[in-house]
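K.L.:
This is the structure I have questions about; it appears just below.
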Amino acid sequence: MTTKPLRAGLIGLGSMGRHHARVLAGLEGVDFVGVVDPFGDKYGAAQGAPVLSTVEELIALGIDYAVVACPTALHEEVGLQLAEAGVCALVEKPVADTVEGARRLVQAFESRGLVAGVGHIERCNPALRSLRARLEAGELGDVYQVVTRRQGPFPHRIADVGVVKDLATHDIDLTGWVTGRQYVSIAAHTVSKSGREHEDMVSAVGRLDDGTMVNHLVNWLSPLKERFTSVTGDRGCFIADTLTADLTFHSNAAVATEWEALRAFRGVSEGDMIRYAIPKREPLQVEHELFRDAVLGKPADICTLRQGMRTVEVAAAVLESAMGMRSVSLQPEDLATSGT
């Protein structure tokens with residue numbers, strides 16, 4: 001007995017939407033039935049699917065789920081339309097442009113028992129998936145610090161949010177996801193050098209609920225494109241390059257097996273370096289497969305709306321800290337409580 005294919009739609013044919021269209025058109029077990037974009041298919045990216053003008057027209061086609069890839073400011077409006085129609089949704093990150101909007105989306109989908117996720121694509125990067133598995137296996141021992149750098153030239157397609165909501169949300173989400181911890185405080189500084197309304201550089205220092213230190217440097221002002229994540233612990237340091245999906249481990253040679261070495265901290269020294277061979281599947285393909293499986297009721301490690309809401313809450317705290325020039329506390333009970 002064969003399973004009937006899911007009927008999927010897409011809202012938005014912008015830079016990210018065009019990639020979603022390509023993956024949806026070839027996704028096993030899914031029929032790509034329509035796209036919504038009021039500007040039409042300017043780039044010929046609809047993969048043969050009909051291009052519609054409104055979300056209502058797409059819902060009328062009888063879809064099981066939709067991918068929301070329109071501008072961030074429209075996520076809430078479109079998401080609420082889908083929830084009211086009983087349609088599951090994969091919403092591009094960030095889930096909404098405000099904390100209040102994110103909370104309304106969570107309530108709308110959860111109250112109806114609908115599957116909904118957020119497209120935090122770094123969760124599907126091979127290097128970070130391998131890093132997370134190794135941390136869960138205890139290969140690093142106690143984790144001391146997570147450092148991320150995400151910088152490069154300004155993408156002119158981004159007009160409605162600054163670098164914190166557009167780029168830093170990647171690092172906020174991946175930090176909580178790979179460590180399994182929550183942010184409890186954040187202090188940040190931002191600058192705006194490009195003449196835009198929003199910030200284009202942020203430097204933030206935070207703390208997770210187990211005491212792990214966090215550092216984020218994110219900007220649109222560098223000619224060098226960099227996607228760097230390091231996690232340091234008592235056994236060494238993992239370094240993930242998410243541009244190339246490479247993961248490297250630098251071991252701490254001072255970690256000895258003698259009992260006396262466990263009695264006091266003796267410092268660290270340079271040990272072996274290991275570059276892992278990792279299967280490198282396209283992250284967006286993996287993201288779509290996971291969400292398809294979640295809609296079908298299968299176990300799937302997706303970023304839920306509630307987890308996406310937590311990332312928006314931390315991003316809001318980053319901006320609050322920068323504006324008020326002070327550290328902002330994020331008590332765990334103020335954040336989402338299910339999953340990480």
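Letters for chains follow the order of the structure tokens (A, B, ...), residue numbers begin at 1 for each chain, and ligand numbers begin at 1 in the order shown.
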Please provide as a ChimeraX atom specification all residues within 6 Å of region 121-132 of chain A, with the sequence filter that same-chain residues fewer than 5 positions apart are discarded (counting only C-alpha atoms).
P.N.:
/A:178,240,245-247,280,283
K.L.:
Leaving out Val30 (chain A) and any residue of its chain fewer than 5 positions from it, which residues lie within 7 Å of it when counting only C-alpha atoms, given as a PyMOL selection string?
P.N.:
chain A and resi 5-8
K.L.:
Just C-alpha atoms for this one: save the residues we selected as an mmCIF file, in the first residue's frame.
P.N.:
```
data_model
loop_
_atom_site.group_PDB
_atom_site.id
_atom_site.type_symbol
_atom_site.label_atom_id
_atom_site.label_comp_id
_atom_site.auth_asym_id
_atom_site.auth_seq_id
_atom_site.Cartn_x
_atom_site.Cartn_y
_atom_site.Cartn_z
ATOM 1 C CA PRO A 5 1.977 12.248 -1.644
ATOM 2 C CA LEU A 6 1.697 15.340 0.493
ATOM 3 C CA ARG A 7 0.529 18.459 -1.307
ATOM 4 C CA ALA A 8 2.915 21.343 -0.629
#
```
K.L.:
Rank nothing, just name the residue among A:Arg150, A:His288, A:His170, A:Lys4 nearest to Arg227 (chain A), using only C-alpha atoms.
P.N.:
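Comparing A:Arg150, A:His288, A:His170, A:Lys4 against Arg227 (chain A), the winner is A:Arg150.
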K.L.:
Give the answer as one residue: which of A:Asp97, A:Asp171, A:Glu313, A:Glu28 has the shortest atom-to-atom distance to Gln331 (chain A), using only C-alpha atoms?
P.N.:
A:Glu313
K.L.:
Please identify all polymer residues within 7 Å of Leu10 (chain A), counting only C-alpha atoms, omitting same-chain residues fewer than 6 positions from it, and present them as a VMD selection string.
P.N.:
chain A and resid 34 to 36 66 to 68
K.L.:
Those selected residues, please, written with C-alpha atoms and delivered as a compact mmCIF listing (two decimals), in the first residue's frame.
P.N.:
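The result, stored in selection.txt:
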```
# COMPACT_ATOMS: atom_id res chain seq x y z
CA GLY A 34 1.62 26.02 -6.26
CA VAL A 35 3.55 29.19 -5.47
CA VAL A 36 2.35 32.55 -4.17
CA ALA A 66 3.32 25.39 2.97
CA VAL A 67 6.79 26.87 3.12
CA VAL A 68 6.72 30.53 4.15
```
